[in-house]
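See below for query.csv, which holds CSV, C-alpha atoms.
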chain,number,residue,atom,x,y,z
A,1,MET,CA,0.0,0.0,0.0
A,2,SER,CA,1.3,3.5,-0.9
A,3,GLN,CA,1.7,5.9,2.0
A,4,GLU,CA,1.0,8.8,-0.3
A,5,LEU,CA,-2.2,7.3,-1.6
A,6,SER,CA,-3.6,5.6,1.5
A,7,GLY,CA,-7.0,7.2,2.2
A,8,ARG,CA,-6.7,9.7,-0.7
A,9,THR,CA,-9.6,10.1,-3.2
A,10,VAL,CA,-8.8,9.9,-6.9
A,11,VAL,CA,-11.2,10.4,-9.8
A,12,VAL,CA,-10.4,8.4,-12.9
A,13,ALA,CA,-12.3,9.8,-15.9
A,14,GLY,CA,-12.6,7.3,-18.7
A,15,SER,CA,-12.2,4.5,-16.3
A,16,THR,CA,-13.5,1.6,-18.3
A,17,SER,CA,-11.0,1.8,-21.1
A,18,ALA,CA,-8.0,-0.5,-21.0
A,19,ALA,CA,-5.9,2.4,-19.6
A,20,GLY,CA,-8.6,3.4,-17.2
A,21,ALA,CA,-9.0,-0.1,-15.8
A,22,ALA,CA,-5.3,-0.5,-15.3
A,23,VAL,CA,-5.1,2.9,-13.5
A,24,VAL,CA,-8.1,2.0,-11.3
A,25,ARG,CA,-6.6,-1.3,-10.3
A,26,THR,CA,-3.2,0.2,-9.4
A,27,LEU,CA,-4.6,3.1,-7.4
A,28,SER,CA,-7.0,0.7,-5.6
A,29,GLU,CA,-4.2,-1.6,-4.7
A,30,ALA,CA,-2.2,1.4,-3.4
A,31,GLY,CA,-5.0,2.2,-1.0
A,32,ALA,CA,-6.7,5.1,-2.7
A,33,ARG,CA,-10.5,5.6,-2.7
A,34,VAL,CA,-11.2,5.6,-6.4
A,35,ALA,CA,-14.1,7.2,-8.2
A,36,ALA,CA,-14.4,5.3,-11.4
A,37,VAL,CA,-16.2,7.5,-13.9
A,38,ASP,CA,-17.5,6.7,-17.4
A,39,ILE,CA,-20.6,7.0,-19.5
A,40,LEU,CA,-21.1,3.2,-19.9
A,41,GLU,CA,-23.2,2.1,-16.9
A,42,ASP,CA,-22.7,-1.7,-17.3
A,43,ARG,CA,-19.0,-1.4,-17.6
A,44,VAL,CA,-18.7,1.0,-14.7
A,45,GLN,CA,-20.7,-1.4,-12.5
A,46,GLU,CA,-18.5,-4.3,-13.5
A,47,LEU,CA,-15.3,-2.4,-12.8
A,48,SER,CA,-16.4,-0.9,-9.4
A,49,GLY,CA,-17.8,-4.3,-8.3
A,50,SER,CA,-14.3,-5.8,-8.6
A,51,TYR,CA,-12.8,-3.7,-5.8
A,52,ASP,CA,-13.9,-2.8,-2.3
A,53,ASN,CA,-12.5,0.8,-2.5
A,54,VAL,CA,-13.7,1.7,-5.9
A,55,THR,CA,-17.0,3.5,-6.4
A,56,GLY,CA,-18.6,3.8,-9.8
A,57,TYR,CA,-20.2,6.9,-11.3
A,58,VAL,CA,-22.0,7.2,-14.6
A,59,CYS,CA,-21.6,10.7,-16.1
A,60,ASN,CA,-21.6,12.5,-19.5
A,61,LEU,CA,-18.4,14.5,-19.0
A,62,ALA,CA,-19.2,16.7,-21.9
A,63,ASP,CA,-22.1,18.2,-19.9
A,64,LEU,CA,-20.8,20.7,-17.4
A,65,GLN,CA,-23.9,20.6,-15.1
A,66,ALA,CA,-23.6,16.8,-15.0
A,67,VAL,CA,-19.9,17.1,-14.1
A,68,GLU,CA,-20.7,19.6,-11.3
A,69,ASP,CA,-23.3,17.2,-10.0
A,70,LEU,CA,-20.7,14.4,-10.2
A,71,ALA,CA,-18.2,16.4,-8.2
A,72,ALA,CA,-20.8,17.1,-5.5
A,73,SER,CA,-21.6,13.3,-5.3
A,74,VAL,CA,-18.0,12.3,-5.1
A,75,ARG,CA,-17.3,14.8,-2.3
A,76,ASN,CA,-20.4,13.6,-0.5
A,77,ASP,CA,-19.6,9.9,-0.9
A,78,LEU,CA,-15.8,9.9,-0.7
A,79,GLY,CA,-14.7,13.3,0.6
A,80,PRO,CA,-12.6,16.0,-1.1
A,81,VAL,CA,-10.7,14.9,-4.2
A,82,ASP,CA,-6.9,14.6,-4.2
A,83,GLY,CA,-6.4,13.5,-7.8
A,84,LEU,CA,-8.0,13.7,-11.3
A,85,ILE,CA,-6.7,11.3,-13.9
A,86,HIS,CA,-8.2,12.3,-17.3
A,87,LEU,CA,-8.2,9.4,-19.7
A,88,VAL,CA,-11.1,10.4,-21.9
A,89,GLY,CA,-10.4,10.6,-25.6
A,90,GLY,CA,-10.4,8.8,-28.9
A,91,TRP,CA,-8.8,8.8,-32.3
A,92,ARG,CA,-10.0,10.2,-35.6
A,93,GLY,CA,-7.9,10.7,-38.7
A,94,GLY,CA,-8.4,11.8,-42.3
A,95,THR,CA,-6.7,12.0,-45.6
A,96,GLY,CA,-4.6,15.2,-45.7
A,97,ILE,CA,-5.8,18.6,-44.6
A,98,ALA,CA,-8.8,18.7,-46.8
A,99,GLY,CA,-9.9,15.3,-45.4
A,100,GLN,CA,-10.3,16.6,-41.9
A,101,THR,CA,-14.1,16.4,-41.4
A,102,ASP,CA,-16.2,18.6,-39.2
A,103,GLU,CA,-17.7,15.4,-37.7
A,104,ASP,CA,-14.3,14.1,-36.6
A,105,TRP,CA,-13.3,17.6,-35.3
A,106,ASP,CA,-16.5,17.9,-33.2
A,107,PHE,CA,-16.0,14.4,-31.8
A,108,LEU,CA,-12.4,15.0,-30.8
A,109,HIS,CA,-13.0,18.5,-29.5
A,110,THR,CA,-15.9,17.1,-27.3
A,111,SER,CA,-14.3,13.9,-26.1
A,112,VAL,CA,-10.7,15.1,-25.5
A,113,LEU,CA,-11.0,18.8,-24.7
A,114,THR,CA,-14.5,19.6,-23.4
A,115,THR,CA,-14.4,16.7,-21.0
A,116,LEU,CA,-11.0,17.9,-19.7
A,117,ARG,CA,-12.2,21.5,-19.3
A,118,ASN,CA,-15.3,20.4,-17.4
A,119,THR,CA,-13.7,18.0,-15.0
A,120,SER,CA,-10.7,20.2,-14.3
A,121,ARG,CA,-12.9,23.2,-13.5
A,122,ALA,CA,-15.3,21.1,-11.3
A,123,PHE,CA,-12.5,19.6,-9.2
A,124,TYR,CA,-10.0,22.5,-9.4
A,125,GLN,CA,-10.5,23.8,-5.8
A,126,ASP,CA,-10.3,20.3,-4.4
A,127,LEU,CA,-7.0,19.7,-6.2
A,128,ALA,CA,-5.6,23.1,-5.1
A,129,ALA,CA,-6.5,22.5,-1.5
A,130,SER,CA,-5.2,18.9,-1.3
A,131,PRO,CA,-1.7,18.2,0.2
A,132,VAL,CA,-1.0,16.0,-2.9
A,133,GLY,CA,-3.4,17.4,-5.5
A,134,ARG,CA,-2.6,16.0,-9.0
A,135,LEU,CA,-4.2,16.4,-12.4
A,136,ALA,CA,-2.7,14.2,-15.2
A,137,ILE,CA,-3.6,13.7,-18.8
A,138,VAL,CA,-2.2,11.4,-21.5
A,139,SER,CA,-1.1,13.2,-24.7
A,140,ALA,CA,0.6,12.0,-27.9
A,141,GLN,CA,3.9,12.6,-29.5
A,142,SER,CA,2.0,13.7,-32.5
A,143,ALA,CA,0.8,16.9,-30.6
A,144,SER,CA,4.3,18.3,-31.1
A,145,SER,CA,5.0,16.6,-34.5
A,146,PRO,CA,1.7,16.6,-36.3
A,147,THR,CA,1.0,15.1,-39.7
A,148,ALA,CA,-1.5,16.3,-42.2
A,149,ASP,CA,-3.6,13.1,-41.9
A,150,GLY,CA,-3.8,13.5,-38.1
A,151,ALA,CA,-4.2,17.3,-38.0
A,152,ALA,CA,-7.4,17.4,-36.1
A,153,TYR,CA,-6.3,14.9,-33.5
A,154,ALA,CA,-2.9,16.6,-33.0
A,155,ALA,CA,-4.5,20.0,-32.7
A,156,VAL,CA,-7.0,19.0,-30.1
A,157,LYS,CA,-4.3,17.1,-28.1
A,158,SER,CA,-2.2,20.2,-28.2
A,159,ALA,CA,-5.1,22.3,-26.9
A,160,ALA,CA,-5.6,19.7,-24.1
A,161,GLU,CA,-1.9,20.0,-23.2
A,162,ALA,CA,-2.2,23.8,-23.1
A,163,TRP,CA,-5.2,23.7,-20.9
A,164,THR,CA,-3.4,21.3,-18.5
A,165,LEU,CA,-0.3,23.6,-18.4
A,166,ALA,CA,-2.6,26.5,-17.7
A,167,VAL,CA,-4.0,24.6,-14.7
A,168,ALA,CA,-0.4,24.1,-13.6
A,169,ASP,CA,0.1,27.8,-13.8
A,170,GLY,CA,-3.0,28.3,-11.6
A,171,PHE,CA,-1.6,26.0,-9.0
A,172,ARG,CA,1.7,27.9,-9.2
A,173,HIS,CA,0.1,31.3,-8.6
A,174,LEU,CA,-2.1,30.0,-5.8
A,175,GLN,CA,0.6,28.2,-3.9
A,176,GLY,CA,4.1,29.1,-5.1
A,177,GLY,CA,7.4,28.9,-3.2
A,178,ASN,CA,7.7,26.5,-0.4
A,179,GLU,CA,3.9,26.1,-0.3
A,180,SER,CA,3.8,24.2,-3.6
A,181,ARG,CA,1.7,21.0,-3.2
A,182,SER,CA,-0.5,20.6,-6.3
A,183,ALA,CA,0.6,19.7,-9.8
A,184,ALA,CA,-0.9,19.4,-13.2
A,185,LEU,CA,1.1,17.4,-15.8
A,186,VAL,CA,1.1,15.7,-19.2
A,187,PHE,CA,2.2,12.1,-19.9
A,188,VAL,CA,3.4,11.8,-23.5
A,189,VAL,CA,3.3,8.5,-25.4
A,190,LYS,CA,3.4,7.4,-29.0
A,191,ALA,CA,0.4,5.3,-28.3
A,192,LEU,CA,-0.9,2.9,-25.6
A,193,VAL,CA,-1.1,-0.8,-25.9
A,194,ASP,CA,-2.7,-3.6,-23.8
A,195,ASP,CA,-3.1,-7.3,-23.8
A,196,ARG,CA,-6.3,-7.3,-25.8
A,197,MET,CA,-4.7,-5.4,-28.6
A,198,ARG,CA,-1.8,-7.8,-28.7
A,199,ALA,CA,-4.1,-10.8,-28.8
A,200,ALA,CA,-6.2,-9.3,-31.6
A,201,GLN,CA,-3.0,-8.7,-33.7
A,202,PRO,CA,-0.4,-11.2,-32.6
A,203,GLU,CA,1.7,-10.6,-35.7
A,204,ARG,CA,2.1,-6.9,-34.8
A,205,LYS,CA,5.1,-5.6,-32.8
A,206,PHE,CA,3.7,-2.3,-31.6
A,207,PRO,CA,7.1,-0.6,-31.6
A,208,ASP,CA,7.6,2.2,-29.0
A,209,PHE,CA,4.0,1.8,-27.7
A,210,THR,CA,3.6,2.2,-24.0
A,211,ASP,CA,1.8,-0.6,-22.1
A,212,VAL,CA,-1.2,0.6,-20.0
A,213,SER,CA,0.5,-1.0,-16.9
A,214,VAL,CA,3.4,1.5,-17.3
A,215,LEU,CA,1.0,4.4,-17.4
A,216,ALA,CA,-0.8,3.0,-14.3
A,217,ASP,CA,2.5,2.8,-12.4
A,218,ALA,CA,3.5,6.3,-13.5
A,219,VAL,CA,0.1,7.7,-12.2
A,220,GLN,CA,0.7,6.1,-8.8
A,221,ARG,CA,4.3,7.4,-8.7
A,222,ILE,CA,3.4,11.1,-9.3
A,223,PHE,CA,1.6,11.2,-5.9
A,224,GLY,CA,5.0,10.6,-4.2
A,225,LEU,CA,7.0,13.1,-6.3
A,226,GLU,CA,7.5,16.8,-5.2
A,227,ALA,CA,4.8,19.0,-6.8
A,228,GLU,CA,7.3,21.7,-7.8
A,229,ARG,CA,9.4,19.2,-9.8
A,230,ILE,CA,6.5,17.9,-11.9
A,231,ASN,CA,4.0,20.8,-12.1
A,232,GLY,CA,3.6,22.0,-15.7
A,233,GLN,CA,5.8,19.2,-17.1
A,234,ARG,CA,5.5,17.1,-20.2
A,235,LEU,CA,6.8,13.7,-19.1
A,236,PRO,CA,7.5,11.1,-21.8
A,237,LEU,CA,6.5,7.5,-21.0
A,238,THR,CA,8.7,5.0,-22.8
A,239,ALA,CA,7.9,1.3,-23.1
A,240,GLY,CA,9.6,0.7,-19.7
A,241,HIS,CA,9.6,3.8,-17.5
A,242,LEU,CA,8.8,7.4,-16.8
A,243,VAL,CA,11.3,9.7,-18.4
A,244,GLY,CA,12.3,13.1,-16.9
A,245,ALA,CA,10.8,12.7,-13.4
A,246,PRO,CA,13.2,12.7,-10.5
A,247,SER,CA,14.0,9.4,-9.0
Go through the file and emit its structure as structure tokens.
Amino acid sequence: MSQELSGRTVVVAGSTSAAGAAVVRTLSEAGARVAAVDILEDRVQELSGSYDNVTGYVCNLADLQAVEDLAASVRNDLGPVDGLIHLVGGWRGGTGIAGQTDEDWDFLHTSVLTTLRNTSRAFYQDLAASPVGRLAIVSAQSASSPTADGAAYAAVKSAAEAWTLAVADGFRHLQGGNESRSAALVFVVKALVDDRMRAAQPERKFPDFTDVSVLADAVQRIFGLEAERINGQRLPLTAGHLVGAPS
């Protein structure tokens, strides 16, 4: 059990994805009270039913009022929130710049950015007040090296990074100096991979992909790192470890 996480409350948004389930499992085993949030009720119930210290919540995170209601419910059920791990997203691509459709843009903007804006605003005061407040998102290498085919995806991911770094600046101004205790940061990967993906394509090597278990371990680790060292940072996750964070 992790001393930093024992008794802490962490919200995992997008909890029923492969990455979300891995993070929920790791945080739960570390002793955190986990609020597992997703829009898929049956999968939320299945996930939360697997752990004694995981509570499931069904929410449309693109709806600000629904997210504010969610925040009130989590505080009432589990107490103030110490961490928000945002794993909501999706991939859409097109053929060149002219092939970037409005439908794909709207989907990505809503699923990646709107959900982040809503959740980070609803839980911001909790994270700022917590002794170990943490906001973390997962971004892609393509955000800083975009291709024409992935223009919409890279642009929205870049916007999500900017929003997260702005939250980091908010923490910095609120706390500053020796009072720094909260951090917002970006994990950067080429892409994530899990056992189901490997089983579906056994011939594929998935070069430089990051396993969801590596992400889960990195999420746990940030609660034990000094806030001022990771706040506002883009931390690459290689296939084996977290790059750039202090040991």
For segment 72-78 of chain A, please output as a PDB file with C-alpha atoms, in the frame of the given file all residues within 8 Å (counting only C-alpha atoms; exclusion window: fewer than 3 positions along the same chain).
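Ended up saving to out12.pdb:
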ATOM      1  CA  THR A   9      -9.600  10.100  -3.200  1.00  0.00           C
ATOM      2  CA  ARG A  33     -10.500   5.600  -2.700  1.00  0.00           C
ATOM      3  CA  ALA A  35     -14.100   7.200  -8.200  1.00  0.00           C
ATOM      4  CA  GLU A  68     -20.700  19.600 -11.300  1.00  0.00           C
ATOM      5  CA  ASP A  69     -23.300  17.200 -10.000  1.00  0.00           C
ATOM      6  CA  VAL A  81     -10.700  14.900  -4.200  1.00  0.00           C
TER       7      VAL A  81
END
| field | Residue neighbourhood Phe107 of chain A, 12 Å, all atoms listed in the file, exclusion window fewer than 2 positions, as a list in words | value |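 Counting all atoms listed in the file, the residues come to Ala62, Val88, Gly89, Gly90, Trp91, Arg92, Gly93, Gln100, Thr101, Asp102, Glu103, Asp104, Trp105, His109, Thr110, Ser111, Val112, Leu113, Thr114, Thr115, Ala152, Tyr153 and Val156 of chain A.
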Serialized selection, C-alpha atoms, as a short mmCIF file (atom, residue, chain, number, x, y, z; two decimals), in the coordinates of the input:
data_model
loop_
_atom_site.label_atom_id
_atom_site.label_comp_id
_atom_site.auth_asym_id
_atom_site.auth_seq_id
_atom_site.Cartn_x
_atom_site.Cartn_y
_atom_site.Cartn_z
CA ALA A 62 -19.20 16.70 -21.90
CA VAL A 88 -11.10 10.40 -21.90
CA GLY A 89 -10.40 10.60 -25.60
CA GLY A 90 -10.40 8.80 -28.90
CA TRP A 91 -8.80 8.80 -32.30
CA ARG A 92 -10.00 10.20 -35.60
CA GLY A 93 -7.90 10.70 -38.70
CA GLN A 100 -10.30 16.60 -41.90
CA THR A 101 -14.10 16.40 -41.40
CA ASP A 102 -16.20 18.60 -39.20
CA GLU A 103 -17.70 15.40 -37.70
CA ASP A 104 -14.30 14.10 -36.60
CA TRP A 105 -13.30 17.60 -35.30
CA HIS A 109 -13.00 18.50 -29.50
CA THR A 110 -15.90 17.10 -27.30
CA SER A 111 -14.30 13.90 -26.10
CA VAL A 112 -10.70 15.10 -25.50
CA LEU A 113 -11.00 18.80 -24.70
CA THR A 114 -14.50 19.60 -23.40
CA THR A 115 -14.40 16.70 -21.00
CA ALA A 152 -7.40 17.40 -36.10
CA TYR A 153 -6.30 14.90 -33.50
CA VAL A 156 -7.00 19.00 -30.10
#
| query | With only C-alpha atoms as the atoms that count, which of A:Arg134, A:Arg121, A:Arg172, A:Arg43 lies nearest to Val10 of chain A? | reply | A:Arg134
| task | Just the residues within 9 Å of Asn231 of chain A, please, counting only C-alpha atoms, with nothing from its chain fewer than 6 positions along; format it as a PyMOL selection string. | result | chain A and resi 134+165+168-169+171-172+182-185
| With distances taken over only C-alpha atoms, which of A:Val11, A:Ala140, A:Glu228, A:Tyr57 is nearest to Ala122 of chain A? |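 The shortest atom-to-atom distance to Ala122 of chain A comes from A:Val11.
Neighbours of Glu41 of chain A closer than or equal to 8 Å, with all atoms listed in the file counted and sequence neighbours fewer than 3 positions away skipped, come out as Asp38, Val44, Gln45, Tyr57 and Val58 of chain A.
Excluding segment 192-202 of chain A itself and same-chain residues fewer than 5 positions from it, the residues having an atom within 12 Å of it are A:Ser17, A:Ala18, A:Ala19, A:Gly20, A:Ala21, A:Ala22, A:Leu87, A:Gly90, A:Trp91, A:Val138, A:Ser139, A:Ala140, A:Gln141, A:Phe187, A:Pro207, A:Asp208, A:Phe209, A:Thr210, A:Asp211, A:Val212, A:Ser213, A:Val214, A:Leu215, A:Ala216, A:Leu237, A:Thr238, A:Ala239, counting only C-alpha atoms.
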| message | Report, in Å to a single decimal, how far apart atom CA of Leu27 of chain A and atom CA of Pro80 of chain A are. | response |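 Atom-to-atom, atom CA of Pro80 of chain A and atom CA of Leu27 of chain A are spaced 16.4 Å apart.
Of note, atom CA of Arg181 of chain A and atom CA of Leu84 of chain A are spaced 14.6 Å apart.
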| said: Quick check, in Å to one decimal: how far apart do atom CA of Tyr124 of chain A and atom CA of Ser6 of chain A lie? | reply: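 Straight-line distance from atom CA of Tyr124 of chain A to atom CA of Ser6 of chain A works out to 21.1 Å.
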| So which one's closest to Gly31 of chain A, A:Gly94, A:Gly83, A:Gly7, A:Gly224? Using only C-alpha atoms, please. | A:Gly7
| Residue nearest Arg229 of chain A - candidates A:Thr119, A:Ala162, A:Ser180, A:Asn60, atoms counted: only C-alpha atoms |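 Looking only at the distances to Arg229 of chain A, the closest residue turns out to be A:Ser180.
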| request: Kindly indicate which residue among A:Ile97, A:Val188, A:Ala129, A:Val54 lies nearest to Asp149 of chain A, using only C-alpha atoms for the distances. | output: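 Under the stated criterion, the closest residue is A:Ile97.
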Missing atoms in segment 202-213 of chain A need filling: write out all heavy atoms for it as a PDB file, in the coordinates of the input.
ATOM      1  N   PRO A 202      -1.638 -10.581 -33.150  1.00  0.00           N
ATOM      2  CA  PRO A 202      -0.400 -11.200 -32.600  1.00  0.00           C
ATOM      3  C   PRO A 202       0.798 -11.056 -33.497  1.00  0.00           C
ATOM      4  O   PRO A 202       1.928 -11.187 -33.009  1.00  0.00           O
ATOM      5  CB  PRO A 202      -0.841 -12.708 -32.543  1.00  0.00           C
ATOM      6  CG  PRO A 202      -1.981 -12.850 -33.491  1.00  0.00           C
ATOM      7  CD  PRO A 202      -2.702 -11.542 -33.447  1.00  0.00           C
ATOM      8  N   GLU A 203       0.594 -10.735 -34.760  1.00  0.00           N
ATOM      9  CA  GLU A 203       1.700 -10.600 -35.700  1.00  0.00           C
ATOM     10  C   GLU A 203       2.340  -9.162 -35.552  1.00  0.00           C
ATOM     11  O   GLU A 203       3.453  -8.918 -36.040  1.00  0.00           O
ATOM     12  CB  GLU A 203       1.281 -10.788 -37.104  1.00  0.00           C
ATOM     13  CG  GLU A 203       0.443  -9.681 -37.736  1.00  0.00           C
ATOM     14  CD  GLU A 203      -0.983  -9.552 -37.173  1.00  0.00           C
ATOM     15  OE1 GLU A 203      -1.422 -10.469 -36.438  1.00  0.00           O
ATOM     16  OE2 GLU A 203      -1.655  -8.550 -37.482  1.00  0.00           O
ATOM     17  N   ARG A 204       1.656  -8.248 -34.892  1.00  0.00           N
ATOM     18  CA  ARG A 204       2.100  -6.900 -34.800  1.00  0.00           C
ATOM     19  C   ARG A 204       3.062  -6.671 -33.627  1.00  0.00           C
ATOM     20  O   ARG A 204       2.858  -7.242 -32.551  1.00  0.00           O
ATOM     21  CB  ARG A 204       0.917  -5.922 -34.677  1.00  0.00           C
ATOM     22  CG  ARG A 204       1.261  -4.446 -34.795  1.00  0.00           C
ATOM     23  CD  ARG A 204       0.008  -3.591 -34.771  1.00  0.00           C
ATOM     24  NE  ARG A 204       0.354  -2.177 -34.784  1.00  0.00           N
ATOM     25  CZ  ARG A 204      -0.535  -1.180 -34.654  1.00  0.00           C
ATOM     26  NH1 ARG A 204      -1.825  -1.461 -34.535  1.00  0.00           N
ATOM     27  NH2 ARG A 204      -0.131   0.068 -34.655  1.00  0.00           N
ATOM     28  N   LYS A 205       4.080  -5.848 -33.797  1.00  0.00           N
ATOM     29  CA  LYS A 205       5.100  -5.600 -32.800  1.00  0.00           C
ATOM     30  C   LYS A 205       4.789  -4.438 -31.854  1.00  0.00           C
ATOM     31  O   LYS A 205       5.332  -4.349 -30.763  1.00  0.00           O
ATOM     32  CB  LYS A 205       6.462  -5.443 -33.409  1.00  0.00           C
ATOM     33  CG  LYS A 205       6.914  -6.620 -34.252  1.00  0.00           C
ATOM     34  CD  LYS A 205       7.007  -7.900 -33.433  1.00  0.00           C
ATOM     35  CE  LYS A 205       7.519  -9.058 -34.278  1.00  0.00           C
ATOM     36  NZ  LYS A 205       7.545 -10.331 -33.521  1.00  0.00           N
ATOM     37  N   PHE A 206       3.975  -3.490 -32.313  1.00  0.00           N
ATOM     38  CA  PHE A 206       3.700  -2.300 -31.600  1.00  0.00           C
ATOM     39  C   PHE A 206       4.934  -1.564 -31.091  1.00  0.00           C
ATOM     40  O   PHE A 206       5.131  -1.329 -29.888  1.00  0.00           O
ATOM     41  CB  PHE A 206       2.769  -2.586 -30.345  1.00  0.00           C
ATOM     42  CG  PHE A 206       1.445  -3.183 -30.695  1.00  0.00           C
ATOM     43  CD1 PHE A 206       1.238  -4.561 -30.620  1.00  0.00           C
ATOM     44  CD2 PHE A 206       0.399  -2.386 -31.122  1.00  0.00           C
ATOM     45  CE1 PHE A 206       0.016  -5.118 -30.947  1.00  0.00           C
ATOM     46  CE2 PHE A 206      -0.843  -2.930 -31.456  1.00  0.00           C
ATOM     47  CZ  PHE A 206      -1.029  -4.306 -31.369  1.00  0.00           C
ATOM     48  N   PRO A 207       5.817  -1.205 -32.007  1.00  0.00           N
ATOM     49  CA  PRO A 207       7.100  -0.600 -31.600  1.00  0.00           C
ATOM     50  C   PRO A 207       6.912   0.753 -30.924  1.00  0.00           C
ATOM     51  O   PRO A 207       6.158   1.609 -31.389  1.00  0.00           O
ATOM     52  CB  PRO A 207       7.822  -0.432 -32.954  1.00  0.00           C
ATOM     53  CG  PRO A 207       6.729  -0.387 -33.979  1.00  0.00           C
ATOM     54  CD  PRO A 207       5.653  -1.299 -33.467  1.00  0.00           C
ATOM     55  N   ASP A 208       7.578   0.909 -29.801  1.00  0.00           N
ATOM     56  CA  ASP A 208       7.600   2.200 -29.000  1.00  0.00           C
ATOM     57  C   ASP A 208       6.241   2.505 -28.411  1.00  0.00           C
ATOM     58  O   ASP A 208       6.068   3.621 -27.890  1.00  0.00           O
ATOM     59  CB  ASP A 208       8.091   3.331 -29.871  1.00  0.00           C
ATOM     60  CG  ASP A 208       9.503   3.115 -30.376  1.00  0.00           C
ATOM     61  OD1 ASP A 208      10.321   2.575 -29.602  1.00  0.00           O
ATOM     62  OD2 ASP A 208       9.793   3.482 -31.526  1.00  0.00           O
ATOM     63  N   PHE A 209       5.278   1.580 -28.452  1.00  0.00           N
ATOM     64  CA  PHE A 209       4.000   1.800 -27.700  1.00  0.00           C
ATOM     65  C   PHE A 209       4.269   1.625 -26.246  1.00  0.00           C
ATOM     66  O   PHE A 209       5.182   0.925 -25.829  1.00  0.00           O
ATOM     67  CB  PHE A 209       2.955   0.815 -28.198  1.00  0.00           C
ATOM     68  CG  PHE A 209       2.289   1.164 -29.508  1.00  0.00           C
ATOM     69  CD1 PHE A 209       3.023   1.701 -30.567  1.00  0.00           C
ATOM     70  CD2 PHE A 209       0.941   0.943 -29.693  1.00  0.00           C
ATOM     71  CE1 PHE A 209       2.416   2.012 -31.777  1.00  0.00           C
ATOM     72  CE2 PHE A 209       0.325   1.258 -30.899  1.00  0.00           C
ATOM     73  CZ  PHE A 209       1.065   1.796 -31.936  1.00  0.00           C
ATOM     74  N   THR A 210       3.446   2.269 -25.431  1.00  0.00           N
ATOM     75  CA  THR A 210       3.600   2.200 -24.000  1.00  0.00           C
ATOM     76  C   THR A 210       2.442   1.334 -23.424  1.00  0.00           C
ATOM     77  O   THR A 210       1.258   1.600 -23.674  1.00  0.00           O
ATOM     78  CB  THR A 210       3.492   3.590 -23.358  1.00  0.00           C
ATOM     79  OG1 THR A 210       4.566   4.387 -23.871  1.00  0.00           O
ATOM     80  CG2 THR A 210       3.603   3.525 -21.839  1.00  0.00           C
ATOM     81  N   ASP A 211       2.800   0.301 -22.673  1.00  0.00           N
ATOM     82  CA  ASP A 211       1.800  -0.600 -22.100  1.00  0.00           C
ATOM     83  C   ASP A 211       0.980   0.204 -21.040  1.00  0.00           C
ATOM     84  O   ASP A 211       1.515   1.066 -20.327  1.00  0.00           O
ATOM     85  CB  ASP A 211       2.425  -1.789 -21.445  1.00  0.00           C
ATOM     86  CG  ASP A 211       1.400  -2.867 -21.125  1.00  0.00           C
ATOM     87  OD1 ASP A 211       0.786  -2.787 -20.030  1.00  0.00           O
ATOM     88  OD2 ASP A 211       1.205  -3.769 -21.957  1.00  0.00           O
ATOM     89  N   VAL A 212      -0.299  -0.118 -20.938  1.00  0.00           N
ATOM     90  CA  VAL A 212      -1.200   0.600 -20.000  1.00  0.00           C
ATOM     91  C   VAL A 212      -0.694   0.379 -18.544  1.00  0.00           C
ATOM     92  O   VAL A 212      -0.939   1.228 -17.679  1.00  0.00           O
ATOM     93  CB  VAL A 212      -2.632   0.170 -20.141  1.00  0.00           C
ATOM     94  CG1 VAL A 212      -3.178   0.624 -21.493  1.00  0.00           C
ATOM     95  CG2 VAL A 212      -2.805  -1.337 -19.955  1.00  0.00           C
ATOM     96  N   SER A 213       0.006  -0.723 -18.277  1.00  0.00           N
ATOM     97  CA  SER A 213       0.500  -1.000 -16.900  1.00  0.00           C
ATOM     98  C   SER A 213       1.614   0.055 -16.573  1.00  0.00           C
ATOM     99  O   SER A 213       1.753   0.450 -15.409  1.00  0.00           O
ATOM    100  CB  SER A 213       1.058  -2.374 -16.790  1.00  0.00           C
ATOM    101  OG  SER A 213       2.170  -2.587 -17.651  1.00  0.00           O
TER     102      SER A 213
END
